[in-house]
Amino acid sequence: MSVMNMIQALNSAHDVMMARDDNVVVLGEDVGYFGGVFRVTEGLQKKYGRARTFDAPISEGGIVAAAIGMAAYGLRPVAEIQFADYIYPGFDQIVSEAGRMRYRTAGEWYLPMVIRTPYGGGIFGGQTHSQSPEALFAHVAGLKTVIPSNPYDAKGLLIAAIEDDDPVLFFEPKRIYNGPFDGFFDRPVTPWAKHPKAEVPDDYYTVPLGKAAVVREGADLTVLAYGTMVHVALATAEANGIDAEVIDLRTIVPVDIETIEQSVRKTGRCVVVHEATRTGGFGAELAALVQERCFYHLEAPVQRATGFDTPYPHSLEWAYFPGPIRLGTAMQKALED
Amino acid sequence: MSVMNMIQALNSAHDVMMARDDNVVVLGEDVGYFGGVFRVTEGLQKKYGRARTFDAPISEGGIVAAAIGMAAYGLRPVAEIQFADYIYPGFDQIVSEAGRMRYRTAGEWYLPMVIRTPYGGGIFGGQTHSQSPEALFAHVAGLKTVIPSNPYDAKGLLIAAIEDDDPVLFFEPKRIYNGPFDGFFDRPVTPWAKHPKAEVPDDYYTVPLGKAAVVREGADLTVLAYGTMVHVALATAEANGIDAEVIDLRTIVPVDIETIEQSVRKTGRCVVVHEATRTGGFGAELAALVQERCFYHLEAPVQRATGFDTPYPHSLEWAYFPGPIRLGTAMQKALED
Amino acid sequence: MTKQPERPNRPVLSLHVPEPSARPGDEVDFSHVAIPPAGSVPRPDPHAPAAETHPLATTLVRVLDDAGRAVGPWDPKLDADTLRRMLRDMMLVRVYDDRMYRAQRQGKTSFYMKSTGEEAVAVAAAHALDRDDMCFPTYRQQGLLVARDYPLVEMMCQIYSNRRDKLKGRQLPVMYSDRAHGFFSISGNLATQVPQAVGWAMASAIKGDSRIAAAWIGDGSTAEGDFHAACTFAGVYRAPAVINVVNNQWAISSFSGIAGGELTTFAARAVGYGIAGLRVDGNDALAVYAATRWAADRARANHGPTLIEMFTYRVEGHSTSDDPSVYRPKEAGAKWPLGDPVERLRLHLVALGEWDEARHEQLAAEIADEVRTAQREAEKHGTLVSSTIDFPQDVRTMFDDVYAELPWHLREQQAQMVAELEAKRK
Amino acid sequence: MTKQPERPNRPVLSLHVPEPSARPGDEVDFSHVAIPPAGSVPRPDPHAPAAETHPLATTLVRVLDDAGRAVGPWDPKLDADTLRRMLRDMMLVRVYDDRMYRAQRQGKTSFYMKSTGEEAVAVAAAHALDRDDMCFPTYRQQGLLVARDYPLVEMMCQIYSNRRDKLKGRQLPVMYSDRAHGFFSISGNLATQVPQAVGWAMASAIKGDSRIAAAWIGDGSTAEGDFHAACTFAGVYRAPAVINVVNNQWAISSFSGIAGGELTTFAARAVGYGIAGLRVDGNDALAVYAATRWAADRARANHGPTLIEMFTYRVEGHSTSDDPSVYRPKEAGAKWPLGDPVERLRLHLVALGEWDEARHEQLAAEIADEVRTAQREAEKHGTLVSSTIDFPQDVRTMFDDVYAELPWHLREQQAQMVAELEAKRK
Ligand SMILES: Cc1ncc(C[n+]2csc(CCOP(=O)(O)OP(=O)(O)O)c2C)c(N)n1
Ligand SMILES: Cc1ncc(C[n+]2csc(CCOP(=O)(O)OP(=O)(O)O)c2C)c(N)n1
Ligand SMILES: [Mg+2]
Ligand SMILES: [Mg+2]
């Protein structure tokens, strides 16, 4: 056991898996000697050699395609896309190729590969260092999409993703790399060290894909969250004295429908929250699922607290970000209606 | 007035606009001398010259980027992507650039451009000639997304899209290029000539973006549809003797929320239908919106009838396609629940 | 649009849009095609620096002369058995193409694509590569499968999407996949396979394996960003890969000028990346063989990738959905000055004294028979028409292989579909 | 993974991963950099076929020699006023960079990127282009704005995302945009601007205009598919465009070998596309000017695009988020053998007798003053810190310009946000 922040936990996941399985290789822009712009791959090249951790040309399409070829060969590549905002040049390879290879070959070729990428706002990164494009991948059959919210899960989920035999999109909420952020941007931030989920085993363990975690039990309302928003949800519930059940989805495809249904059946009210733009976000799918499956338990419409339908603005970040006021309002609405 | 199928109507829209405005130019793979693989641009090169209608290299990214540059210059480019399944190499330019240019320049640059592309299944096109990726664009702020369902609307909407000062994704349901298809694949298909919406004015007119059409009035149930599914919805209502109100959305972003709300408030029941895969499809957004805004009028959960969450299979097309049985079941469910 | 500023001293610009040398109604015109004599092009050492190959990127490696003799330094000096086998494979591909094309016309399947005139590009390459090198083809390299003895019946069952189709009817006809024959799944999305091939080759290098990857891409498709990624990654990491640009001069209705072919050759792209590049007469099976072998040897020696332009001509339409007479003269295919690869190899064997009219006819008859038999066998398992009506594939398989395991939502959707089919049967 | 087959006769492959010549702790090593003497490279006619430029793609166009003399056929023979103006612009850029870098360090904004050592690449190009040619820059061509007299205060207000920022605080600092100064909106997404520039140039040609487009892209970013699209489209349609690859030899922590720079030059990409290509000493303002002018003349004459590699060195870190001493020797920037562009131009003016120590110091003082005054003025309108706290931009503008008109859902969201801010104030 060590106390780790998310970067350290993710680094440890790489390290553990590269030591266990020499088919695990790491590629991406600046991931080699430098160890990645967020230092998630630090030390790996030194330890495992240049042929197993190396810098890639600035071509997200090429990075994903090369990873596909490597996975088809039999390796387990872990590709880093430097920011999720830059994943789109690789979109065709992810959607048309990675997502469909097993299906179109009737299982003859499959692709055990992970695409890791920091996502989300809260760091004054402006339009191109703040986006949350997870919904674009959730719509594509054949892909799994995972989003951790703390160091313990980050390591365990990443190991599970590397061991998974299907392509996994692994979105890392960069705002909470160094400490949980609860959305109160004007208060000091606590480091991970003070959080129980920063206690991370040094060795191998997994957190299973497709399983949500109930991170706060409550009776009045269910909040469905992932990534940074898990912390915002917890803080908002506290701040507003709401007896909310907060569910950290951890995997959005396949989503843990049982845990969701169980909770909403109990509380009868539901709020979904994400940073991504509202229209067509994953919150729409969650709201659709909840009303389809728990309609007669619902006492109020499912509310969505989300990023606005604009590009991510730089200086107006705190007016844009779905923080405690936006989520609190949605929770109140779900309770009052 | 002439009787036109959708191809002719779309061709006529190009013709009318190229004649009216010499800033309108057309580019895309095979659109020039040949007139496009579906012949939508037939005759335009001959009439308006090679500098205004020309073949493009097989680079959807380049096609979109060139169109962006042209639109920034002041032209009104209409770019054809040969099949919607091939739009992904242009995804970054569409999402990161076209969708954000007006915003990131505070209006200094804006992009009057249209990206036309045939989409949808029903033609035994297999995985890469059948997809319906509209939801991926609906999630992106700054883009408009339009989908016609008949020749009259196709021409009027395309003209409106060309005149619009924002980038418009224009998805053409290729299954109904030559005649309306109601989903009964084992019955003979009627040509457009027998359909009232095949009466198309030869000259300029527009169908406004952002306005839905109530194509069938009904009291018991609201069906939200677009593209080919409009015809499937009408046929399914008839076949099942359901007094359904069928709404042809025509534009999915911005969606005509008033028409939707009005109808659902009246009927108290709602089914959404699309060909795209279910999870994270635009149907999720519609279901989320309807339950948010009409919750207390809803007598049953909003049902979704959609493509399955698999890649589009070639020979099993008619088991995959959301036809009258799938939609009929959803309608029954919405009525019974 | 803002008005253009007045700039009286400046010349007026105009857009250049490339046009092919002849359109329907025009005389076929191949006068712009420069054809150096067979045997005239030097052969660098496969271990030479890439730059030594660059003069070869703008000429044409040719081995077979007009009399059917193999001449010059690129002559691979193959034994007669190999030559006869290559001839047989090419002839078989052509017959197979004809039969399947006809099957589509008969409504037995939805789609077909021929490789007429381009048989050497695939067949000779397959013979030059090791049997376990991995091929990343496009839809016009059926010759690879034939040369590697993939059963015809399997190929046809894929074309028919029938009960025996190993791809479970999921893929458009011609989108074969067979791992055991080193034939990577064909994608409908152009160019995607090329950087994948490079990734596969990188993996082979990472693991200290000795197998290499070979990829094929059409002239038109080189415009995709994926082609650039492939060349960049292959060069940077010296990936053991052979990247073949099959320049058949057309991309559906667009001639190669629309992909940049007016400006330079496709092999010249290699110069831009600083990797080895060769331009080869793709209708000359010996030249294709020799160049492929050269590139494979180079890759195996850790000298990295080679880009080979296989210069050929698409004799027929793009696919069953295409009618080329709408955009080029009808006789274009027949008049291609570099001839027919099957005929040229036959002539060579005859010139060697290793072949004659009688043996040729016998082989043709055997092949016709083999294909006919295979077709009969394949059709026993159904064709697309019948598949469509009674869903002979177990439709529940539609949900398999999306993931390794069926998640809850696919399980639910599967049940929903089964219920629908039951409703339909009633 | 399936076990590798036994292949005893085959050599073992290995992956090559490029490494720079020196890492932290190593001696700086630029011995691999070939530097031909100034004036030694011929100058083809701008109307010559592209191929005539290709030998220039692997050498280096240089005008200024070590003594500060302008020599050889590329000497643009500029008058002293222009030279002094270019010197002033470059000096101003450097001072501006220093101030804004410091402002970021002082917490007045979130981010900054310097162009130290690369000032000539932007400034000299701006002087060689017509004032109404359209520039499609990356984030390191602030020199274009300075050379075109864009107000410093405007630039700074963008850096501060303050009340006066014309981009309404929406863009990351340095992502300027100004249509009136022919400066296209900078994108955070690398390489996207290059094919857009080509599209703009095509539009200019379509309309019979005479304006051309110029684009800039980093060495690392050439690996993106967009770069390939740009070169392909530009070549095919002979677009009047100048594509500048600014090879400063680093892409964050990755040296240019990771983008293919070990294999050949970036200018050599032009050979692959069959378009004109030049490789230029980017620290030599006269060479930059001359090459840009040559390419512009060529484009205006409808001869199509030119790819110019501006060979330079990124003297400082990638951005305020970067510490280059982690991945390269600290002294690398100072030891770049092609020197400092400002110093070289200064020396040239002195050599011409058109400049001296006193004037230089006076100019430096004036510039320092101008920048300081502008900064004081800009800060009156706020800095990012203060913006963050009291949202001085009218926050409702957040919803403007997503579309030409506000659709219902954005109107609702706007109202929601206003309500939130009211709640927050309470
Ligand atoms: C990404 C993508 N864009 C467009 C298409 C449609 N398309 C299919 S084949 C083809 C032409 C390809 O030409 P070429 O690469 O020269 O190959 P050839 O058919 O000549 O063998 C096109 C445009 C596609 N399949 N994929
Ligand atoms: C599509 C995309 N991928 C990755 C990044 C992250 N990124 C920003 S700058 C940079 C390095 C660019 O290097 P180069 O093109 O050489 O330009 P330079 O910074 O040297 O001027 C990277 C990888 C990005 N902005 N966009
Ligand atoms: Mg071709
Ligand atoms: Mg650089």
# chains A, B, ... in the order shown; residues from 1 in each chain; ligands from 1

call {"tool": "select_by_dssp", "arguments": {"residues": "region 219-410 of chain D", "states": "strand (DSSP E or B)", "output": "list in words"}}
result
Ala241, Val242, Ile243, Asn244, Val245, Val246, Asn247, Trp250, Ala251, Ser254, Phe255, Ala276, Gly277, Leu278, Arg279, Val280, Asp281, Thr306, Leu307, Ile308, Glu309, Met310 and Phe311 of chain D

call {"tool": "interface_residues", "arguments": {"of": "chain C", "to": "chain A", "cutoff": "6 Å", "atoms": "only C-alpha atoms", "output": "list in words"}}
result
Leu167, Pro195, Gln196, Ala197, Gly199, Trp200, Ala203, Ile206, Ala229, Asp401, Val402 and Tyr403 of chain C

call {"tool": "write_last_selection", "arguments": {"atoms": "N, CA and C atoms", "output": "tab-separated table (two decimals), in the first residue's frame"}}
result
chain	number	residue	atom	x	y	z
C	167	LEU	N	-17.66	-15.35	-41.99
C	167	LEU	CA	-17.87	-14.02	-41.42
C	167	LEU	C	-19.33	-13.80	-41.03
C	195	PRO	N	-1.71	2.00	-42.15
C	195	PRO	CA	-1.02	2.23	-40.87
C	195	PRO	C	-1.21	1.06	-39.90
C	196	GLN	N	-2.27	0.30	-40.04
C	196	GLN	CA	-2.42	-0.91	-39.23
C	196	GLN	C	-1.32	-1.92	-39.58
C	197	ALA	N	-1.06	-2.05	-40.86
C	197	ALA	CA	0.01	-2.96	-41.29
C	197	ALA	C	1.34	-2.52	-40.69
C	199	GLY	N	1.72	-0.86	-37.91
C	199	GLY	CA	1.66	-1.23	-36.49
C	199	GLY	C	1.96	-2.71	-36.28
C	200	TRP	N	1.42	-3.52	-37.16
C	200	TRP	CA	1.68	-4.97	-37.07
C	200	TRP	C	3.18	-5.23	-37.27
C	203	ALA	N	5.07	-4.29	-34.27
C	203	ALA	CA	4.92	-5.32	-33.24
C	203	ALA	C	5.86	-6.48	-33.51
C	206	ILE	N	9.15	-5.35	-32.44
C	206	ILE	CA	9.23	-5.27	-30.97
C	206	ILE	C	9.47	-6.65	-30.37
C	229	ALA	N	0.08	8.69	-42.40
C	229	ALA	CA	0.46	8.12	-41.10
C	229	ALA	C	1.29	6.87	-41.31
C	401	ASP	N	-19.75	-11.28	-30.89
C	401	ASP	CA	-18.51	-10.67	-31.38
C	401	ASP	C	-18.54	-9.14	-31.42
C	402	VAL	N	-19.60	-8.55	-30.89
C	402	VAL	CA	-19.49	-7.10	-30.69
C	402	VAL	C	-18.44	-6.89	-29.61
C	403	TYR	N	-18.56	-7.71	-28.58
C	403	TYR	CA	-17.55	-7.80	-27.53
C	403	TYR	C	-17.22	-9.28	-27.31

call {"tool": "residues_near_ligand", "arguments": {"ligand": "ligand 2", "cutoff": "6 Å", "atoms": "only C-alpha atoms and all ligand atoms", "output": "PyMOL selection string"}}
result
(chain A and resi 58+86) or (chain D and resi 140+188-190+218-221+248+250-252+318)

call {"tool": "write_last_selection", "arguments": {"atoms": "all heavy atoms", "output": "mmCIF file, in the first residue's frame"}}
result
data_model
loop_
_atom_site.group_PDB
_atom_site.id
_atom_site.type_symbol
_atom_site.label_atom_id
_atom_site.label_comp_id
_atom_site.auth_asym_id
_atom_site.auth_seq_id
_atom_site.Cartn_x
_atom_site.Cartn_y
_atom_site.Cartn_z
ATOM 1 N N ILE A 58 3.115 13.120 -34.111
ATOM 2 C CA ILE A 58 1.869 13.816 -33.771
ATOM 3 C C ILE A 58 0.831 13.464 -34.825
ATOM 4 O O ILE A 58 0.580 14.198 -35.772
ATOM 5 C CB ILE A 58 2.089 15.326 -33.668
ATOM 6 C CG1 ILE A 58 3.191 15.616 -32.635
ATOM 7 C CG2 ILE A 58 0.796 16.025 -33.249
ATOM 8 C CD1 ILE A 58 3.571 17.077 -32.532
ATOM 9 N N TYR A 86 -7.902 16.074 -28.648
ATOM 10 C CA TYR A 86 -7.120 15.771 -29.848
ATOM 11 C C TYR A 86 -7.357 14.348 -30.339
ATOM 12 O O TYR A 86 -6.582 13.820 -31.136
ATOM 13 C CB TYR A 86 -5.632 16.007 -29.571
ATOM 14 C CG TYR A 86 -5.345 17.409 -29.096
ATOM 15 C CD1 TYR A 86 -4.462 17.657 -28.057
ATOM 16 C CD2 TYR A 86 -5.989 18.497 -29.672
ATOM 17 C CE1 TYR A 86 -4.220 18.952 -27.618
ATOM 18 C CE2 TYR A 86 -5.757 19.787 -29.234
ATOM 19 C CZ TYR A 86 -4.876 20.012 -28.210
ATOM 20 O OH TYR A 86 -4.644 21.286 -27.774
ATOM 21 N N ARG D 140 3.063 30.128 -32.976
ATOM 22 C CA ARG D 140 4.382 30.742 -32.796
ATOM 23 C C ARG D 140 4.667 31.807 -33.851
ATOM 24 O O ARG D 140 5.820 32.153 -34.112
ATOM 25 C CB ARG D 140 5.479 29.670 -32.790
ATOM 26 C CG ARG D 140 5.999 29.396 -31.385
ATOM 27 C CD ARG D 140 7.192 28.450 -31.380
ATOM 28 N NE ARG D 140 6.860 27.143 -30.872
ATOM 29 C CZ ARG D 140 6.678 26.862 -29.585
ATOM 30 N NH1 ARG D 140 6.808 27.787 -28.678
ATOM 31 N NH2 ARG D 140 6.362 25.643 -29.209
ATOM 32 N N GLY D 188 -6.242 25.380 -31.602
ATOM 33 C CA GLY D 188 -5.473 24.525 -30.694
ATOM 34 C C GLY D 188 -5.205 23.159 -31.295
ATOM 35 O O GLY D 188 -4.332 22.432 -30.831
ATOM 36 N N ASN D 189 -5.952 22.795 -32.306
ATOM 37 C CA ASN D 189 -5.779 21.487 -32.933
ATOM 38 C C ASN D 189 -4.745 21.610 -34.032
ATOM 39 O O ASN D 189 -4.984 22.250 -35.055
ATOM 40 C CB ASN D 189 -7.123 21.008 -33.505
ATOM 41 C CG ASN D 189 -8.145 20.804 -32.417
ATOM 42 O OD1 ASN D 189 -8.558 21.763 -31.762
ATOM 43 N ND2 ASN D 189 -8.525 19.576 -32.184
ATOM 44 N N LEU D 190 -3.631 20.987 -33.828
ATOM 45 C CA LEU D 190 -2.496 21.148 -34.726
ATOM 46 C C LEU D 190 -2.830 20.767 -36.166
ATOM 47 O O LEU D 190 -3.538 19.795 -36.407
ATOM 48 C CB LEU D 190 -1.338 20.275 -34.246
ATOM 49 C CG LEU D 190 -0.733 20.663 -32.885
ATOM 50 C CD1 LEU D 190 0.209 19.568 -32.404
ATOM 51 C CD2 LEU D 190 -0.029 21.998 -32.970
ATOM 52 N N GLY D 218 4.252 23.383 -37.550
ATOM 53 C CA GLY D 218 5.485 22.927 -36.906
ATOM 54 C C GLY D 218 5.986 21.619 -37.492
ATOM 55 O O GLY D 218 5.224 20.866 -38.108
ATOM 56 N N ASP D 219 7.267 21.341 -37.279
ATOM 57 C CA ASP D 219 7.849 20.085 -37.763
ATOM 58 C C ASP D 219 7.072 18.883 -37.214
ATOM 59 O O ASP D 219 6.699 17.968 -37.961
ATOM 60 C CB ASP D 219 9.326 19.981 -37.365
ATOM 61 C CG ASP D 219 9.570 20.241 -35.885
ATOM 62 O OD1 ASP D 219 8.976 21.202 -35.348
ATOM 63 O OD2 ASP D 219 10.346 19.498 -35.250
ATOM 64 N N GLY D 220 6.800 18.901 -35.931
ATOM 65 C CA GLY D 220 6.099 17.762 -35.331
ATOM 66 C C GLY D 220 4.727 17.570 -35.948
ATOM 67 O O GLY D 220 4.294 16.438 -36.217
ATOM 68 N N SER D 221 4.053 18.661 -36.221
ATOM 69 C CA SER D 221 2.673 18.598 -36.707
ATOM 70 C C SER D 221 2.560 18.112 -38.144
ATOM 71 O O SER D 221 1.458 17.784 -38.599
ATOM 72 C CB SER D 221 2.022 19.980 -36.588
ATOM 73 O OG SER D 221 2.134 20.441 -35.265
ATOM 74 N N ASN D 248 11.581 23.729 -35.987
ATOM 75 C CA ASN D 248 12.386 24.207 -34.849
ATOM 76 C C ASN D 248 12.947 23.025 -34.076
ATOM 77 O O ASN D 248 13.436 23.159 -32.972
ATOM 78 C CB ASN D 248 11.556 25.136 -33.954
ATOM 79 C CG ASN D 248 10.391 24.408 -33.320
ATOM 80 O OD1 ASN D 248 10.260 23.183 -33.425
ATOM 81 N ND2 ASN D 248 9.528 25.154 -32.650
ATOM 82 N N TRP D 250 11.905 20.604 -32.412
ATOM 83 C CA TRP D 250 11.262 20.011 -31.244
ATOM 84 C C TRP D 250 9.756 20.118 -31.352
ATOM 85 O O TRP D 250 9.225 21.079 -31.925
ATOM 86 C CB TRP D 250 11.730 20.696 -29.940
ATOM 87 C CG TRP D 250 13.155 20.357 -29.652
ATOM 88 C CD1 TRP D 250 14.246 21.075 -30.055
ATOM 89 C CD2 TRP D 250 13.647 19.181 -28.975
ATOM 90 N NE1 TRP D 250 15.393 20.417 -29.669
ATOM 91 C CE2 TRP D 250 15.052 19.265 -28.998
ATOM 92 C CE3 TRP D 250 13.035 18.088 -28.354
ATOM 93 C CZ2 TRP D 250 15.863 18.275 -28.428
ATOM 94 C CZ3 TRP D 250 13.838 17.123 -27.777
ATOM 95 C CH2 TRP D 250 15.241 17.212 -27.814
ATOM 96 N N ALA D 251 9.100 19.136 -30.801
ATOM 97 C CA ALA D 251 7.651 19.144 -30.640
ATOM 98 C C ALA D 251 7.438 18.757 -29.170
ATOM 99 O O ALA D 251 7.543 17.591 -28.821
ATOM 100 C CB ALA D 251 7.003 18.136 -31.571
ATOM 101 N N ILE D 252 7.210 19.747 -28.348
ATOM 102 C CA ILE D 252 7.276 19.573 -26.897
ATOM 103 C C ILE D 252 8.586 18.835 -26.593
ATOM 104 O O ILE D 252 9.653 19.390 -26.875
ATOM 105 C CB ILE D 252 6.021 18.880 -26.312
ATOM 106 C CG1 ILE D 252 4.713 19.602 -26.806
ATOM 107 C CG2 ILE D 252 6.057 18.943 -24.765
ATOM 108 C CD1 ILE D 252 3.414 19.092 -26.193
ATOM 109 N N HIS D 318 8.625 24.690 -24.700
ATOM 110 C CA HIS D 318 7.478 24.656 -25.584
ATOM 111 C C HIS D 318 6.465 25.732 -25.217
ATOM 112 O O HIS D 318 5.924 26.406 -26.077
ATOM 113 C CB HIS D 318 6.830 23.269 -25.513
ATOM 114 C CG HIS D 318 5.528 23.183 -26.237
ATOM 115 N ND1 HIS D 318 5.453 23.217 -27.605
ATOM 116 C CD2 HIS D 318 4.252 23.082 -25.798
ATOM 117 C CE1 HIS D 318 4.178 23.140 -27.984
ATOM 118 N NE2 HIS D 318 3.437 23.059 -26.897
#

call {"tool": "residues_around", "arguments": {"residues": "Tyr96 (chain C)", "least_positions_apart": "6", "cutoff": "12 Å", "atoms": "only C-alpha atoms", "output": "MDAnalysis selection string"}}
result
chainID C and resid 88:90 102:103 112:116 119 142:143 145:146 151:153 155:156 159 174 364 367:375

call {"tool": "closest_atom_pairs", "arguments": {"of": "chain C", "to": "ligand 3", "cutoff": "12 Å", "atoms": "only C-alpha atoms and all ligand atoms", "output": "tab-separated table"}}
result
residue	atom	partner	partner_atom_place_in_ligand_line	distance
C:Ser115	CA	ligand 3	1 (Mg)	10.7
C:Glu118	CA	ligand 3	1 (Mg)	10.5
C:Thr138	CA	ligand 3	1 (Mg)	10.6
C:Tyr139	CA	ligand 3	1 (Mg)	11.0
C:Arg140	CA	ligand 3	1 (Mg)	9.7
C:Leu190	CA	ligand 3	1 (Mg)	11.2
C:Ala191	CA	ligand 3	1 (Mg)	11.9
C:Trp216	CA	ligand 3	1 (Mg)	11.0
C:Ile217	CA	ligand 3	1 (Mg)	8.3
C:Gly218	CA	ligand 3	1 (Mg)	4.6
C:Asp219	CA	ligand 3	1 (Mg)	4.7
C:Gly220	CA	ligand 3	1 (Mg)	5.3
C:Ser221	CA	ligand 3	1 (Mg)	7.5
C:Thr222	CA	ligand 3	1 (Mg)	9.5
C:Ala223	CA	ligand 3	1 (Mg)	11.4
C:Val245	CA	ligand 3	1 (Mg)	8.9
C:Val246	CA	ligand 3	1 (Mg)	6.6
C:Asn247	CA	ligand 3	1 (Mg)	5.5
C:Asn248	CA	ligand 3	1 (Mg)	4.5
C:Gln249	CA	ligand 3	1 (Mg)	5.2
C:Trp250	CA	ligand 3	1 (Mg)	4.1
C:Ala251	CA	ligand 3	1 (Mg)	4.3
C:Ile252	CA	ligand 3	1 (Mg)	7.3
C:Ser253	CA	ligand 3	1 (Mg)	9.5
C:Ser254	CA	ligand 3	1 (Mg)	8.6
C:Phe255	CA	ligand 3	1 (Mg)	7.9
C:Ser256	CA	ligand 3	1 (Mg)	7.1
C:Gly257	CA	ligand 3	1 (Mg)	10.9
C:Ile258	CA	ligand 3	1 (Mg)	10.8
C:Ala259	CA	ligand 3	1 (Mg)	9.5
C:Gly261	CA	ligand 3	1 (Mg)	11.0
C:Phe266	CA	ligand 3	1 (Mg)	11.5
C:Glu309	CA	ligand 3	1 (Mg)	11.5
C:Met310	CA	ligand 3	1 (Mg)	10.6
C:Phe311	CA	ligand 3	1 (Mg)	10.0
C:Thr312	CA	ligand 3	1 (Mg)	9.1
C:Tyr313	CA	ligand 3	1 (Mg)	8.1
C:Arg314	CA	ligand 3	1 (Mg)	7.0
C:Val315	CA	ligand 3	1 (Mg)	10.7
C:Glu316	CA	ligand 3	1 (Mg)	11.4
C:Gly317	CA	ligand 3	1 (Mg)	10.8
C:His318	CA	ligand 3	1 (Mg)	8.5
C:Ser319	CA	ligand 3	1 (Mg)	11.7

call {"tool": "closest_atom_pairs", "arguments": {"of": "chain A", "to": "chain B", "cutoff": "6 Å", "atoms": "only C-alpha atoms", "output": "tab-separated table"}}
result
residue	atom	partner	partner_atom	distance
A:Tyr88	CA	B:Asp92	CA	4.7
A:Pro89	CA	B:Asp92	CA	5.5
A:Asp92	CA	B:Tyr88	CA	4.7
A:Leu136	CA	B:Leu136	CA	5.6
A:His139	CA	B:Gly280	CA	4.6
A:Ala141	CA	B:Thr310	CA	5.3
A:Thr279	CA	B:His139	CA	5.4
A:Gly280	CA	B:His139	CA	4.6
A:Ala284	CA	B:Glu285	CA	4.8
A:Glu285	CA	B:Ala284	CA	4.8
A:Ala287	CA	B:Ala288	CA	5.4
A:Ala288	CA	B:Ala288	CA	5.3
A:Gln291	CA	B:Pro301	CA	5.9
A:Glu292	CA	B:Pro301	CA	5.3
A:Phe295	CA	B:Pro301	CA	5.8
A:Pro301	CA	B:Glu292	CA	5.3
A:Asp309	CA	B:Ala141	CA	5.4
A:Thr310	CA	B:Ala141	CA	5.3

call {"tool": "residues_around", "arguments": {"residues": "Tyr33 (chain B)", "least_positions_apart": "2", "cutoff": "9 Å", "atoms": "only C-alpha atoms", "output": "MDAnalysis selection string"}}
result
(chainID B and resid 30:31 35:36 42:46 50 53:55) or (chainID C and resid 253:254 327)

call {"tool": "atom_distance", "arguments": {"atom1": "CA of Pro324 (chain B)", "atom2": "CA of His274 (chain B)"}}
result
12.1 Å

call {"tool": "atom_distance", "arguments": {"atom1": "CA of Met331 (chain A)", "atom2": "CA of Arg396 (chain D)"}}
result
23.7 Å

call {"tool": "interface_residues", "arguments": {"of": "chain C", "to": "chain D", "cutoff": "6 Å", "atoms": "only C-alpha atoms", "output": "PyMOL selection string"}}
result
chain C and resi 10+12-17+205-206+208-210+225+236-238+260+263-264+268-269+271-272+274

call {"tool": "residues_around", "arguments": {"residues": "Pro24 (chain C)", "least_positions_apart": "6", "cutoff": "8 Å", "atoms": "only C-alpha atoms", "output": "number ranges by chain"}}
result
C: 325-330

call {"tool": "select_by_dssp", "arguments": {"residues": "region 77-147 of chain D", "states": "alpha helix (DSSP H)", "output": "ChimeraX atom specification"}}
result
/D:80-105,119-128,142-147

call {"tool": "residues_around", "arguments": {"residues": "Met17 (chain B)", "least_positions_apart": "3", "cutoff": "10 Å", "atoms": "only C-alpha atoms", "output": "list in words"}}
result
Ser12, Ala13, His14, Arg20, Asp21, Asp22, Asn23, Val24, Val25, Arg76, Leu158, Ile159, Ala160, Ile162, Glu163, Asp203 and Tyr204 of chain B

call {"tool": "closest_residue", "arguments": {"among": "A:Gly179, A:Pro188, A:Pro148, A:Gly227", "to": "Val207 (chain A)", "atoms": "only C-alpha atoms"}}
result
A:Pro148

call {"tool": "residues_around", "arguments": {"residues": "His127 (chain D)", "least_positions_apart": "6", "cutoff": "10 Å", "atoms": "only C-alpha atoms", "output": "PyMOL selection string"}}
result
chain D and resi 82-83+85-86+144+147-148+288-289+292-293
